[in-house]
$ cat entry.txt   # compact mmCIF, N, CA and C atoms
# COMPACT_ATOMS: atom_id res chain seq x y z
N MET S 1 -13.55 -8.37 -1.57
CA MET S 1 -14.09 -7.05 -1.41
C MET S 1 -13.01 -6.16 -0.78
N ILE S 2 -12.87 -4.95 -1.28
CA ILE S 2 -11.91 -3.99 -0.76
C ILE S 2 -12.69 -2.88 -0.05
N GLU S 3 -12.31 -2.63 1.20
CA GLU S 3 -13.02 -1.64 2.01
C GLU S 3 -12.06 -0.58 2.51
N LYS S 4 -12.56 0.64 2.65
CA LYS S 4 -11.81 1.71 3.30
C LYS S 4 -11.78 1.39 4.79
N ILE S 5 -10.68 1.71 5.43
CA ILE S 5 -10.55 1.45 6.85
C ILE S 5 -11.44 2.41 7.65
N THR S 6 -12.15 1.83 8.58
CA THR S 6 -12.98 2.58 9.52
C THR S 6 -12.58 2.14 10.93
N SER S 7 -13.16 2.75 11.92
CA SER S 7 -12.86 2.33 13.30
C SER S 7 -13.30 0.89 13.54
N LYS S 8 -14.28 0.40 12.77
CA LYS S 8 -14.78 -0.97 12.95
C LYS S 8 -13.81 -2.03 12.45
N ASN S 9 -13.09 -1.77 11.35
CA ASN S 9 -12.20 -2.79 10.78
C ASN S 9 -10.72 -2.46 10.97
N PHE S 10 -10.42 -1.43 11.75
CA PHE S 10 -9.05 -0.98 11.95
C PHE S 10 -8.17 -2.06 12.58
N GLY S 11 -8.69 -2.77 13.56
CA GLY S 11 -7.92 -3.81 14.24
C GLY S 11 -7.46 -4.91 13.30
N GLU S 12 -8.30 -5.26 12.33
CA GLU S 12 -7.94 -6.31 11.37
C GLU S 12 -6.73 -5.91 10.53
N VAL S 13 -6.68 -4.66 10.12
CA VAL S 13 -5.57 -4.22 9.27
C VAL S 13 -4.29 -4.07 10.08
N LEU S 14 -4.40 -3.77 11.36
CA LEU S 14 -3.19 -3.65 12.19
C LEU S 14 -2.42 -4.96 12.25
N LEU S 15 -3.12 -6.07 12.28
CA LEU S 15 -2.45 -7.38 12.27
C LEU S 15 -1.70 -7.58 10.95
N LEU S 16 -2.30 -7.15 9.85
CA LEU S 16 -1.65 -7.27 8.54
C LEU S 16 -0.45 -6.34 8.43
N ILE S 17 -0.55 -5.17 9.02
CA ILE S 17 0.57 -4.22 8.99
C ILE S 17 1.77 -4.82 9.71
N ARG S 18 1.51 -5.49 10.82
CA ARG S 18 2.61 -6.16 11.55
C ARG S 18 3.24 -7.24 10.68
N GLU S 19 2.42 -8.05 10.01
CA GLU S 19 2.94 -9.09 9.13
C GLU S 19 3.78 -8.48 8.00
N TYR S 20 3.31 -7.38 7.45
CA TYR S 20 4.02 -6.67 6.39
C TYR S 20 5.38 -6.21 6.87
N GLN S 21 5.44 -5.65 8.06
CA GLN S 21 6.71 -5.20 8.63
C GLN S 21 7.64 -6.38 8.90
N GLU S 22 7.08 -7.50 9.34
CA GLU S 22 7.88 -8.71 9.55
C GLU S 22 8.42 -9.23 8.22
N PHE S 23 7.60 -9.18 7.16
CA PHE S 23 8.02 -9.61 5.83
C PHE S 23 9.24 -8.83 5.37
N TYR S 24 9.26 -7.54 5.66
CA TYR S 24 10.39 -6.69 5.29
C TYR S 24 11.45 -6.62 6.40
N THR S 25 11.39 -7.56 7.33
CA THR S 25 12.36 -7.75 8.42
C THR S 25 12.66 -6.46 9.19
N MET S 26 11.61 -5.72 9.48
CA MET S 26 11.77 -4.52 10.30
C MET S 26 12.05 -4.95 11.74
N LYS S 27 12.93 -4.22 12.37
CA LYS S 27 13.27 -4.52 13.76
C LYS S 27 12.43 -3.63 14.68
N ASN S 28 12.23 -4.11 15.88
CA ASN S 28 11.53 -3.34 16.92
C ASN S 28 10.13 -2.89 16.48
N ILE S 29 9.34 -3.80 15.94
CA ILE S 29 7.97 -3.47 15.55
C ILE S 29 7.19 -3.09 16.80
N ASP S 30 6.51 -1.97 16.71
CA ASP S 30 5.80 -1.42 17.87
C ASP S 30 4.32 -1.29 17.51
N ASP S 31 3.50 -2.16 18.07
CA ASP S 31 2.07 -2.18 17.73
C ASP S 31 1.37 -0.88 18.12
N GLU S 32 1.77 -0.29 19.24
CA GLU S 32 1.14 0.98 19.65
C GLU S 32 1.53 2.11 18.70
N LYS S 33 2.77 2.13 18.28
CA LYS S 33 3.22 3.12 17.30
C LYS S 33 2.45 2.94 15.99
N ASN S 34 2.28 1.70 15.56
CA ASN S 34 1.49 1.41 14.37
C ASN S 34 0.06 1.92 14.53
N ARG S 35 -0.54 1.63 15.67
CA ARG S 35 -1.92 2.07 15.92
C ARG S 35 -2.02 3.59 15.82
N ASN S 36 -1.10 4.28 16.44
CA ASN S 36 -1.12 5.74 16.43
C ASN S 36 -0.89 6.30 15.02
N TYR S 37 0.10 5.75 14.33
CA TYR S 37 0.42 6.26 13.00
C TYR S 37 -0.71 5.99 12.00
N PHE S 38 -1.14 4.76 11.91
CA PHE S 38 -2.12 4.39 10.88
C PHE S 38 -3.54 4.85 11.21
N SER S 39 -3.80 5.23 12.45
CA SER S 39 -5.13 5.73 12.79
C SER S 39 -5.45 7.02 12.05
N GLN S 40 -4.43 7.74 11.60
CA GLN S 40 -4.68 8.97 10.84
C GLN S 40 -5.36 8.70 9.50
N PHE S 41 -5.35 7.46 9.05
CA PHE S 41 -5.95 7.12 7.77
C PHE S 41 -7.33 6.48 7.89
N ILE S 42 -7.90 6.51 9.08
CA ILE S 42 -9.26 6.01 9.26
C ILE S 42 -10.20 7.02 8.62
N GLY S 43 -11.07 6.52 7.76
CA GLY S 43 -12.03 7.40 7.09
C GLY S 43 -11.37 8.27 6.04
N ASP S 44 -11.84 9.48 5.88
CA ASP S 44 -11.32 10.40 4.87
C ASP S 44 -10.19 11.23 5.44
N ASN S 45 -9.11 11.33 4.69
CA ASN S 45 -7.94 12.10 5.10
C ASN S 45 -7.26 12.60 3.85
N GLU S 46 -6.89 13.85 3.82
CA GLU S 46 -6.27 14.40 2.62
C GLU S 46 -4.85 13.90 2.39
N ASN S 47 -4.21 13.35 3.42
CA ASN S 47 -2.84 12.87 3.28
C ASN S 47 -2.74 11.42 2.81
N GLY S 48 -3.82 10.66 2.95
CA GLY S 48 -3.72 9.28 2.54
C GLY S 48 -4.98 8.50 2.85
N VAL S 49 -5.00 7.28 2.33
CA VAL S 49 -6.15 6.40 2.52
C VAL S 49 -5.64 4.97 2.67
N LEU S 50 -6.26 4.23 3.56
CA LEU S 50 -5.88 2.86 3.87
C LEU S 50 -7.07 1.96 3.53
N HIS S 51 -6.78 0.88 2.78
CA HIS S 51 -7.83 -0.07 2.39
C HIS S 51 -7.44 -1.47 2.86
N VAL S 52 -8.44 -2.27 3.13
CA VAL S 52 -8.24 -3.66 3.51
C VAL S 52 -8.97 -4.55 2.51
N LEU S 53 -8.36 -5.67 2.18
CA LEU S 53 -8.94 -6.65 1.26
C LEU S 53 -9.52 -7.79 2.09
N ILE S 54 -10.83 -8.02 1.91
CA ILE S 54 -11.53 -9.07 2.65
C ILE S 54 -11.85 -10.21 1.66
N TYR S 55 -11.50 -11.42 2.06
CA TYR S 55 -11.81 -12.60 1.26
C TYR S 55 -12.39 -13.66 2.18
N GLU S 56 -13.56 -14.14 1.83
CA GLU S 56 -14.26 -15.14 2.64
C GLU S 56 -14.35 -14.71 4.10
N GLY S 57 -14.66 -13.43 4.31
CA GLY S 57 -14.87 -12.88 5.64
C GLY S 57 -13.61 -12.59 6.44
N LYS S 58 -12.44 -12.73 5.80
CA LYS S 58 -11.18 -12.55 6.51
C LYS S 58 -10.34 -11.47 5.84
N ALA S 59 -9.69 -10.61 6.63
CA ALA S 59 -8.77 -9.61 6.10
C ALA S 59 -7.48 -10.33 5.68
N ILE S 60 -7.15 -10.24 4.39
CA ILE S 60 -5.96 -10.96 3.88
C ILE S 60 -4.93 -10.04 3.24
N GLY S 61 -5.26 -8.75 3.08
CA GLY S 61 -4.31 -7.83 2.47
C GLY S 61 -4.72 -6.40 2.70
N PHE S 62 -3.80 -5.50 2.38
CA PHE S 62 -4.11 -4.08 2.53
C PHE S 62 -3.24 -3.25 1.59
N SER S 63 -3.65 -2.01 1.41
CA SER S 63 -2.86 -1.04 0.66
C SER S 63 -2.98 0.32 1.33
N THR S 64 -1.94 1.11 1.20
CA THR S 64 -1.95 2.48 1.70
C THR S 64 -1.52 3.40 0.57
N ILE S 65 -2.31 4.42 0.33
CA ILE S 65 -1.99 5.42 -0.69
C ILE S 65 -1.74 6.74 0.02
N TYR S 66 -0.60 7.33 -0.25
CA TYR S 66 -0.26 8.64 0.31
C TYR S 66 -0.30 9.69 -0.79
N LYS S 67 -0.65 10.88 -0.41
CA LYS S 67 -0.58 12.02 -1.32
C LYS S 67 0.89 12.38 -1.49
N GLY S 68 1.30 12.54 -2.75
CA GLY S 68 2.69 12.90 -3.03
C GLY S 68 2.76 14.03 -4.04
N PHE S 69 3.95 14.52 -4.24
CA PHE S 69 4.16 15.64 -5.14
C PHE S 69 5.31 15.31 -6.08
N SER S 70 5.15 15.65 -7.35
CA SER S 70 6.20 15.42 -8.33
C SER S 70 6.63 16.75 -8.93
N SER S 71 7.83 17.16 -8.60
CA SER S 71 8.36 18.40 -9.17
C SER S 71 8.66 18.25 -10.65
N THR S 72 9.09 17.06 -11.07
CA THR S 72 9.39 16.86 -12.49
C THR S 72 8.12 16.89 -13.34
N ARG S 73 7.03 16.41 -12.80
CA ARG S 73 5.75 16.43 -13.52
C ARG S 73 4.94 17.69 -13.21
N ALA S 74 5.32 18.38 -12.13
CA ALA S 74 4.56 19.54 -11.63
C ALA S 74 3.10 19.15 -11.40
N GLU S 75 2.93 18.00 -10.72
CA GLU S 75 1.59 17.46 -10.46
C GLU S 75 1.56 16.76 -9.11
N THR S 76 0.37 16.63 -8.59
CA THR S 76 0.16 15.83 -7.40
C THR S 76 0.00 14.37 -7.84
N VAL S 77 0.66 13.48 -7.15
CA VAL S 77 0.61 12.06 -7.49
C VAL S 77 0.19 11.26 -6.27
N ALA S 78 -0.20 10.03 -6.51
CA ALA S 78 -0.52 9.10 -5.43
C ALA S 78 0.66 8.14 -5.28
N ILE S 79 1.04 7.88 -4.06
CA ILE S 79 2.12 6.94 -3.79
C ILE S 79 1.51 5.71 -3.11
N LEU S 80 1.61 4.60 -3.80
CA LEU S 80 1.16 3.33 -3.23
C LEU S 80 2.29 2.89 -2.29
N ASN S 81 2.22 3.38 -1.07
CA ASN S 81 3.31 3.19 -0.13
C ASN S 81 3.37 1.77 0.40
N ASP S 82 2.22 1.14 0.56
CA ASP S 82 2.17 -0.21 1.11
C ASP S 82 1.21 -1.06 0.29
N LEU S 83 1.66 -2.26 0.00
CA LEU S 83 0.82 -3.26 -0.66
C LEU S 83 1.21 -4.60 -0.07
N TYR S 84 0.23 -5.29 0.52
CA TYR S 84 0.53 -6.56 1.18
C TYR S 84 -0.63 -7.52 1.03
N VAL S 85 -0.28 -8.76 0.69
CA VAL S 85 -1.23 -9.87 0.67
C VAL S 85 -0.56 -11.01 1.43
N GLN S 86 -1.31 -11.63 2.32
CA GLN S 86 -0.74 -12.75 3.08
C GLN S 86 -0.20 -13.82 2.14
N THR S 87 0.86 -14.45 2.57
CA THR S 87 1.61 -15.40 1.75
C THR S 87 0.73 -16.46 1.10
N GLN S 88 -0.18 -17.05 1.86
CA GLN S 88 -0.99 -18.14 1.34
C GLN S 88 -1.98 -17.69 0.26
N TYR S 89 -2.20 -16.39 0.11
CA TYR S 89 -3.14 -15.88 -0.89
C TYR S 89 -2.44 -15.25 -2.10
N ARG S 90 -1.13 -15.28 -2.12
CA ARG S 90 -0.39 -14.70 -3.24
C ARG S 90 -0.53 -15.58 -4.48
N GLY S 91 -0.44 -14.93 -5.64
CA GLY S 91 -0.54 -15.65 -6.90
C GLY S 91 -1.97 -15.94 -7.31
N LYS S 92 -2.94 -15.36 -6.62
CA LYS S 92 -4.35 -15.62 -6.90
C LYS S 92 -5.08 -14.36 -7.41
N GLY S 93 -4.31 -13.30 -7.72
CA GLY S 93 -4.91 -12.09 -8.27
C GLY S 93 -5.29 -11.03 -7.27
N PHE S 94 -5.04 -11.27 -5.97
CA PHE S 94 -5.44 -10.29 -4.96
C PHE S 94 -4.57 -9.03 -5.00
N GLY S 95 -3.28 -9.20 -5.23
CA GLY S 95 -2.40 -8.04 -5.35
C GLY S 95 -2.81 -7.16 -6.52
N LYS S 96 -3.14 -7.79 -7.61
CA LYS S 96 -3.60 -7.05 -8.79
C LYS S 96 -4.87 -6.26 -8.47
N LYS S 97 -5.79 -6.90 -7.75
CA LYS S 97 -7.04 -6.21 -7.37
C LYS S 97 -6.74 -4.98 -6.51
N LEU S 98 -5.81 -5.11 -5.58
CA LEU S 98 -5.46 -3.98 -4.72
C LEU S 98 -4.83 -2.85 -5.54
N ILE S 99 -3.97 -3.19 -6.48
CA ILE S 99 -3.33 -2.15 -7.31
C ILE S 99 -4.36 -1.47 -8.20
N GLU S 100 -5.23 -2.26 -8.82
CA GLU S 100 -6.26 -1.67 -9.68
C GLU S 100 -7.18 -0.76 -8.87
N HIS S 101 -7.52 -1.19 -7.67
CA HIS S 101 -8.36 -0.37 -6.79
C HIS S 101 -7.63 0.93 -6.43
N ALA S 102 -6.35 0.82 -6.10
CA ALA S 102 -5.56 2.00 -5.75
C ALA S 102 -5.48 2.97 -6.92
N ALA S 103 -5.32 2.45 -8.14
CA ALA S 103 -5.26 3.31 -9.32
C ALA S 103 -6.58 4.05 -9.54
N LYS S 104 -7.68 3.33 -9.37
CA LYS S 104 -9.00 3.98 -9.51
C LYS S 104 -9.21 5.03 -8.43
N LYS S 105 -8.80 4.72 -7.21
CA LYS S 105 -8.94 5.68 -6.11
C LYS S 105 -8.09 6.91 -6.37
N ALA S 106 -6.86 6.70 -6.83
CA ALA S 106 -5.97 7.81 -7.13
C ALA S 106 -6.58 8.71 -8.20
N LYS S 107 -7.13 8.11 -9.22
CA LYS S 107 -7.76 8.89 -10.29
C LYS S 107 -8.95 9.66 -9.76
N SER S 108 -9.76 9.02 -8.93
CA SER S 108 -10.95 9.70 -8.39
C SER S 108 -10.57 10.88 -7.48
N LEU S 109 -9.37 10.82 -6.89
CA LEU S 109 -8.89 11.90 -6.05
C LEU S 109 -8.18 12.99 -6.84
N GLY S 110 -8.06 12.77 -8.15
CA GLY S 110 -7.45 13.77 -9.02
C GLY S 110 -5.95 13.68 -9.15
N TYR S 111 -5.36 12.57 -8.72
CA TYR S 111 -3.91 12.41 -8.84
C TYR S 111 -3.55 12.01 -10.27
N ALA S 112 -2.42 12.52 -10.75
CA ALA S 112 -2.01 12.30 -12.14
C ALA S 112 -1.42 10.92 -12.37
N GLN S 113 -0.89 10.30 -11.33
CA GLN S 113 -0.17 9.04 -11.50
C GLN S 113 -0.16 8.29 -10.18
N LEU S 114 -0.06 6.97 -10.27
CA LEU S 114 0.13 6.11 -9.10
C LEU S 114 1.57 5.60 -9.18
N GLN S 115 2.35 5.85 -8.14
CA GLN S 115 3.75 5.43 -8.11
C GLN S 115 3.97 4.50 -6.93
N TRP S 116 4.95 3.60 -7.04
CA TRP S 116 5.30 2.76 -5.91
C TRP S 116 6.70 2.21 -6.07
N LEU S 117 7.22 1.72 -4.96
CA LEU S 117 8.55 1.11 -4.89
C LEU S 117 8.39 -0.32 -4.41
N THR S 118 9.38 -1.13 -4.69
CA THR S 118 9.43 -2.46 -4.09
C THR S 118 10.90 -2.80 -3.85
N ALA S 119 11.11 -3.75 -2.99
CA ALA S 119 12.47 -4.18 -2.71
C ALA S 119 13.07 -4.84 -3.95
N GLU S 120 14.36 -4.63 -4.13
CA GLU S 120 15.05 -5.18 -5.29
C GLU S 120 14.95 -6.71 -5.35
N ASN S 121 14.90 -7.35 -4.19
CA ASN S 121 14.84 -8.82 -4.15
C ASN S 121 13.41 -9.36 -4.16
N ASN S 122 12.40 -8.50 -4.23
CA ASN S 122 11.02 -8.96 -4.24
C ASN S 122 10.59 -9.28 -5.67
N LYS S 123 11.15 -10.34 -6.20
CA LYS S 123 10.94 -10.72 -7.60
C LYS S 123 9.49 -11.11 -7.88
N THR S 124 8.81 -11.71 -6.92
CA THR S 124 7.42 -12.10 -7.11
C THR S 124 6.56 -10.87 -7.38
N ALA S 125 6.74 -9.82 -6.57
CA ALA S 125 5.98 -8.59 -6.76
C ALA S 125 6.34 -7.95 -8.10
N GLN S 126 7.60 -7.96 -8.45
CA GLN S 126 8.03 -7.36 -9.71
C GLN S 126 7.38 -8.03 -10.92
N LEU S 127 7.21 -9.34 -10.85
CA LEU S 127 6.52 -10.05 -11.94
C LEU S 127 5.09 -9.55 -12.09
N LEU S 128 4.42 -9.34 -10.96
CA LEU S 128 3.05 -8.81 -10.99
C LEU S 128 3.04 -7.42 -11.62
N TYR S 129 3.92 -6.55 -11.16
CA TYR S 129 3.95 -5.17 -11.66
C TYR S 129 4.26 -5.13 -13.16
N ASP S 130 5.21 -5.96 -13.58
CA ASP S 130 5.54 -6.02 -15.01
C ASP S 130 4.36 -6.52 -15.83
N ASP S 131 3.66 -7.52 -15.29
CA ASP S 131 2.50 -8.10 -15.97
C ASP S 131 1.36 -7.08 -16.12
N MET S 132 1.30 -6.14 -15.19
CA MET S 132 0.22 -5.14 -15.21
C MET S 132 0.55 -3.96 -16.13
N GLY S 133 1.73 -3.98 -16.72
CA GLY S 133 2.09 -2.89 -17.63
C GLY S 133 2.65 -1.67 -16.92
N ALA S 134 3.01 -1.80 -15.66
CA ALA S 134 3.63 -0.67 -14.95
C ALA S 134 5.05 -0.50 -15.48
N LEU S 135 5.49 0.74 -15.55
CA LEU S 135 6.82 1.04 -16.06
C LEU S 135 7.80 1.19 -14.91
N LYS S 136 8.97 0.57 -15.06
CA LYS S 136 10.01 0.70 -14.04
C LYS S 136 10.66 2.07 -14.18
N SER S 137 10.94 2.65 -13.06
CA SER S 137 11.61 3.94 -13.02
C SER S 137 13.11 3.74 -13.16
N SER S 138 13.77 4.75 -13.64
CA SER S 138 15.23 4.71 -13.71
C SER S 138 15.85 5.40 -12.50
N TRP S 139 15.01 5.79 -11.54
CA TRP S 139 15.47 6.49 -10.36
C TRP S 139 15.90 5.49 -9.28
N PHE S 140 16.86 5.87 -8.46
CA PHE S 140 17.29 5.08 -7.31
C PHE S 140 16.73 5.76 -6.06
N LEU S 141 16.31 4.98 -5.10
CA LEU S 141 15.84 5.51 -3.83
C LEU S 141 17.00 5.54 -2.85
N TYR S 142 17.20 6.67 -2.24
CA TYR S 142 18.17 6.81 -1.16
C TYR S 142 17.43 7.20 0.10
N ALA S 143 17.97 6.84 1.24
CA ALA S 143 17.36 7.21 2.51
C ALA S 143 18.47 7.48 3.52
N LYS S 144 18.26 8.48 4.34
CA LYS S 144 19.20 8.82 5.40
C LYS S 144 18.41 9.13 6.66
N GLU S 145 18.76 8.49 7.74
CA GLU S 145 18.08 8.74 9.01
C GLU S 145 18.34 10.18 9.44
N THR S 146 17.33 10.79 10.06
CA THR S 146 17.48 12.16 10.55
C THR S 146 17.45 12.22 12.06

$ encode --input "entry.txt" --output "structure tokens"
Amino acid sequence: MIEKITSKNFGEVLLLIREYQEFYTMKNIDDEKNRNYFSQFIGDNENGVLHVLIYEGKAIGFSTIYKGFSSTRAETVAILNDLYVQTQYRGKGFGKKLIEHAAKKAKSLGYAQLQWLTAENNKTAQLLYDDMGALKSSWFLYAKET
């Protein structure tokens, strides 16, 4: 079952967010910073929505969709900024369920497209995305600290 984050299930997703950051080897993970940042997505928010995947009564994954803008398309798009399933539950279709749910949510919000990035070395995720018929972009992501 996939649920929107509320104040009741927020704590469960915070643990998953920490695991997600550890998976991507983020340094200096700050639980209070996470709590403050992700609390903006509790309930309805025009900037984004956070969902948690519950399996057998346990939170095992989550997704975050942010509102984005595409100048090339001249449309509002949804950005699947975060997608995470705990390691022991991978390969069982849970990631696919989260993506399908995110696509339906994006459509219901009026977004023209669902876009996302993944790490170049995350071959497991890439196999899932390719299997789902998602198209790879020819764009490169650059980032510069400000």

$ atom_distance --input "entry.txt" --atom1 "atom N of Gln115 in chain S" --atom2 "CA of Asp130 in chain S"
14.1 Å

$ select_by_dssp --input "entry.txt" --residues "chain S" --states "strand (DSSP E or B)" --output "ChimeraX atom specification"
/S:2-4,48-55,58-70,75-85,114-115

$ residues_around --input "entry.txt" --residues "Lys4 in chain S" --least-positions-apart "3" --cutoff "6 Å" --atoms "all atoms listed in the file" --output "VMD selection string"
chain S and resid 43 50 to 52

$ write_last_selection --input "entry.txt" --atoms "N, CA and C atoms" --output "PDB file, keeping the file's coordinate frame"
ATOM      1  N   GLY S  43     -11.070   6.520   7.760  1.00  0.00           N
ATOM      2  CA  GLY S  43     -12.030   7.400   7.090  1.00  0.00           C
ATOM      3  C   GLY S  43     -11.370   8.270   6.040  1.00  0.00           C
ATOM      4  N   LEU S  50      -6.260   4.230   3.560  1.00  0.00           N
ATOM      5  CA  LEU S  50      -5.880   2.860   3.870  1.00  0.00           C
ATOM      6  C   LEU S  50      -7.070   1.960   3.530  1.00  0.00           C
ATOM      7  N   HIS S  51      -6.780   0.880   2.780  1.00  0.00           N
ATOM      8  CA  HIS S  51      -7.830  -0.070   2.390  1.00  0.00           C
ATOM      9  C   HIS S  51      -7.440  -1.470   2.860  1.00  0.00           C
ATOM     10  N   VAL S  52      -8.440  -2.270   3.130  1.00  0.00           N
ATOM     11  CA  VAL S  52      -8.240  -3.660   3.510  1.00  0.00           C
ATOM     12  C   VAL S  52      -8.970  -4.550   2.510  1.00  0.00           C
TER      13      VAL S  52
END

$ atom_distance --input "entry.txt" --atom1 "CA of Ala112 in chain S" --atom2 "CA of Thr72 in chain S"
12.3 Å

$ atom_distance --input "entry.txt" --atom1 "atom C of Asp30 in chain S" --atom2 "CA of Arg18 in chain S"
7.9 Å

$ select_by_dssp --input "entry.txt" --residues "range 37-132 of chain S" --states "helix (DSSP H, G or I)" --output "ChimeraX atom specification"
/S:37-41,87-89,94-108,123-131

$ residues_around --input "entry.txt" --residues "range 108-110 of chain S" --least-positions-apart "5" --cutoff "10 Å" --atoms "only C-alpha atoms" --output "PDB file with N, CA and C atoms, keeping the file's coordinate frame"
ATOM      1  N   GLU S  46      -6.890  13.850   3.820  1.00  0.00           N
ATOM      2  CA  GLU S  46      -6.270  14.400   2.620  1.00  0.00           C
ATOM      3  C   GLU S  46      -4.850  13.900   2.390  1.00  0.00           C
ATOM      4  N   LYS S  67      -0.650  10.880  -0.410  1.00  0.00           N
ATOM      5  CA  LYS S  67      -0.580  12.020  -1.320  1.00  0.00           C
ATOM      6  C   LYS S  67       0.890  12.380  -1.490  1.00  0.00           C
ATOM      7  N   GLU S  75       2.930  18.000 -10.720  1.00  0.00           N
ATOM      8  CA  GLU S  75       1.590  17.460 -10.460  1.00  0.00           C
ATOM      9  C   GLU S  75       1.560  16.760  -9.110  1.00  0.00           C
ATOM     10  N   THR S  76       0.370  16.630  -8.590  1.00  0.00           N
ATOM     11  CA  THR S  76       0.160  15.830  -7.400  1.00  0.00           C
ATOM     12  C   THR S  76       0.000  14.370  -7.840  1.00  0.00           C
ATOM     13  N   VAL S  77       0.660  13.480  -7.150  1.00  0.00           N
ATOM     14  CA  VAL S  77       0.610  12.060  -7.490  1.00  0.00           C
ATOM     15  C   VAL S  77       0.190  11.260  -6.270  1.00  0.00           C
ATOM     16  N   ALA S  78      -0.200  10.030  -6.510  1.00  0.00           N
ATOM     17  CA  ALA S  78      -0.520   9.100  -5.430  1.00  0.00           C
ATOM     18  C   ALA S  78       0.660   8.140  -5.280  1.00  0.00           C
ATOM     19  N   ALA S 102      -6.350   0.820  -6.100  1.00  0.00           N
ATOM     20  CA  ALA S 102      -5.560   2.000  -5.750  1.00  0.00           C
ATOM     21  C   ALA S 102      -5.480   2.970  -6.920  1.00  0.00           C
ATOM     22  N   ALA S 103      -5.320   2.450  -8.140  1.00  0.00           N
ATOM     23  CA  ALA S 103      -5.260   3.310  -9.320  1.00  0.00           C
ATOM     24  C   ALA S 103      -6.580   4.050  -9.540  1.00  0.00           C
TER      25      ALA S 103
END

$ closest_residue --input "entry.txt" --among "S:Phe23, S:Tyr84, S:Tyr111, S:Tyr55" --to "Met1 in chain S" --atoms "all atoms listed in the file"
S:Tyr55

$ residues_near_point --input "entry.txt" --point "(-3.6, -9.1, 12.8)" --cutoff "12 Å" --atoms "only C-alpha atoms" --output "mmCIF file with N, CA and C atoms, in the coordinates of the input"
data_model
loop_
_atom_site.group_PDB
_atom_site.id
_atom_site.type_symbol
_atom_site.label_atom_id
_atom_site.label_comp_id
_atom_site.auth_asym_id
_atom_site.auth_seq_id
_atom_site.Cartn_x
_atom_site.Cartn_y
_atom_site.Cartn_z
ATOM 1 N N ASN S 9 -13.090 -1.770 11.350
ATOM 2 C CA ASN S 9 -12.200 -2.790 10.780
ATOM 3 C C ASN S 9 -10.720 -2.460 10.970
ATOM 4 N N PHE S 10 -10.420 -1.430 11.750
ATOM 5 C CA PHE S 10 -9.050 -0.980 11.950
ATOM 6 C C PHE S 10 -8.170 -2.060 12.580
ATOM 7 N N GLY S 11 -8.690 -2.770 13.560
ATOM 8 C CA GLY S 11 -7.920 -3.810 14.240
ATOM 9 C C GLY S 11 -7.460 -4.910 13.300
ATOM 10 N N GLU S 12 -8.300 -5.260 12.330
ATOM 11 C CA GLU S 12 -7.940 -6.310 11.370
ATOM 12 C C GLU S 12 -6.730 -5.910 10.530
ATOM 13 N N VAL S 13 -6.680 -4.660 10.120
ATOM 14 C CA VAL S 13 -5.570 -4.220 9.270
ATOM 15 C C VAL S 13 -4.290 -4.070 10.080
ATOM 16 N N LEU S 14 -4.400 -3.770 11.360
ATOM 17 C CA LEU S 14 -3.190 -3.650 12.190
ATOM 18 C C LEU S 14 -2.420 -4.960 12.250
ATOM 19 N N LEU S 15 -3.120 -6.070 12.280
ATOM 20 C CA LEU S 15 -2.450 -7.380 12.270
ATOM 21 C C LEU S 15 -1.700 -7.580 10.950
ATOM 22 N N LEU S 16 -2.300 -7.150 9.850
ATOM 23 C CA LEU S 16 -1.650 -7.270 8.540
ATOM 24 C C LEU S 16 -0.450 -6.340 8.430
ATOM 25 N N ILE S 17 -0.550 -5.170 9.020
ATOM 26 C CA ILE S 17 0.570 -4.220 8.990
ATOM 27 C C ILE S 17 1.770 -4.820 9.710
ATOM 28 N N ARG S 18 1.510 -5.490 10.820
ATOM 29 C CA ARG S 18 2.610 -6.160 11.550
ATOM 30 C C ARG S 18 3.240 -7.240 10.680
ATOM 31 N N GLU S 19 2.420 -8.050 10.010
ATOM 32 C CA GLU S 19 2.940 -9.090 9.130
ATOM 33 C C GLU S 19 3.780 -8.480 8.000
ATOM 34 N N TYR S 20 3.310 -7.380 7.450
ATOM 35 C CA TYR S 20 4.020 -6.670 6.390
ATOM 36 C C TYR S 20 5.380 -6.210 6.870
ATOM 37 N N GLN S 21 5.440 -5.650 8.060
ATOM 38 C CA GLN S 21 6.710 -5.200 8.630
ATOM 39 C C GLN S 21 7.640 -6.380 8.900
ATOM 40 N N GLU S 22 7.080 -7.500 9.340
ATOM 41 C CA GLU S 22 7.880 -8.710 9.550
ATOM 42 C C GLU S 22 8.420 -9.230 8.220
ATOM 43 N N ASP S 31 3.500 -2.160 18.070
ATOM 44 C CA ASP S 31 2.070 -2.180 17.730
ATOM 45 C C ASP S 31 1.370 -0.880 18.120
ATOM 46 N N ASN S 34 2.280 1.700 15.560
ATOM 47 C CA ASN S 34 1.490 1.410 14.370
ATOM 48 C C ASN S 34 0.060 1.920 14.530
ATOM 49 N N ARG S 35 -0.540 1.630 15.670
ATOM 50 C CA ARG S 35 -1.920 2.070 15.920
ATOM 51 C C ARG S 35 -2.020 3.590 15.820
ATOM 52 N N VAL S 52 -8.440 -2.270 3.130
ATOM 53 C CA VAL S 52 -8.240 -3.660 3.510
ATOM 54 C C VAL S 52 -8.970 -4.550 2.510
ATOM 55 N N LYS S 58 -12.440 -12.730 5.800
ATOM 56 C CA LYS S 58 -11.180 -12.550 6.510
ATOM 57 C C LYS S 58 -10.340 -11.470 5.840
ATOM 58 N N ALA S 59 -9.690 -10.610 6.630
ATOM 59 C CA ALA S 59 -8.770 -9.610 6.100
ATOM 60 C C ALA S 59 -7.480 -10.330 5.680
ATOM 61 N N ILE S 60 -7.150 -10.240 4.390
ATOM 62 C CA ILE S 60 -5.960 -10.960 3.880
ATOM 63 C C ILE S 60 -4.930 -10.040 3.240
ATOM 64 N N GLY S 61 -5.260 -8.750 3.080
ATOM 65 C CA GLY S 61 -4.310 -7.830 2.470
ATOM 66 C C GLY S 61 -4.720 -6.400 2.700
ATOM 67 N N PHE S 62 -3.800 -5.500 2.380
ATOM 68 C CA PHE S 62 -4.110 -4.080 2.530
ATOM 69 C C PHE S 62 -3.240 -3.250 1.590
ATOM 70 N N GLN S 86 -1.310 -11.630 2.320
ATOM 71 C CA GLN S 86 -0.740 -12.750 3.080
ATOM 72 C C GLN S 86 -0.200 -13.820 2.140
#
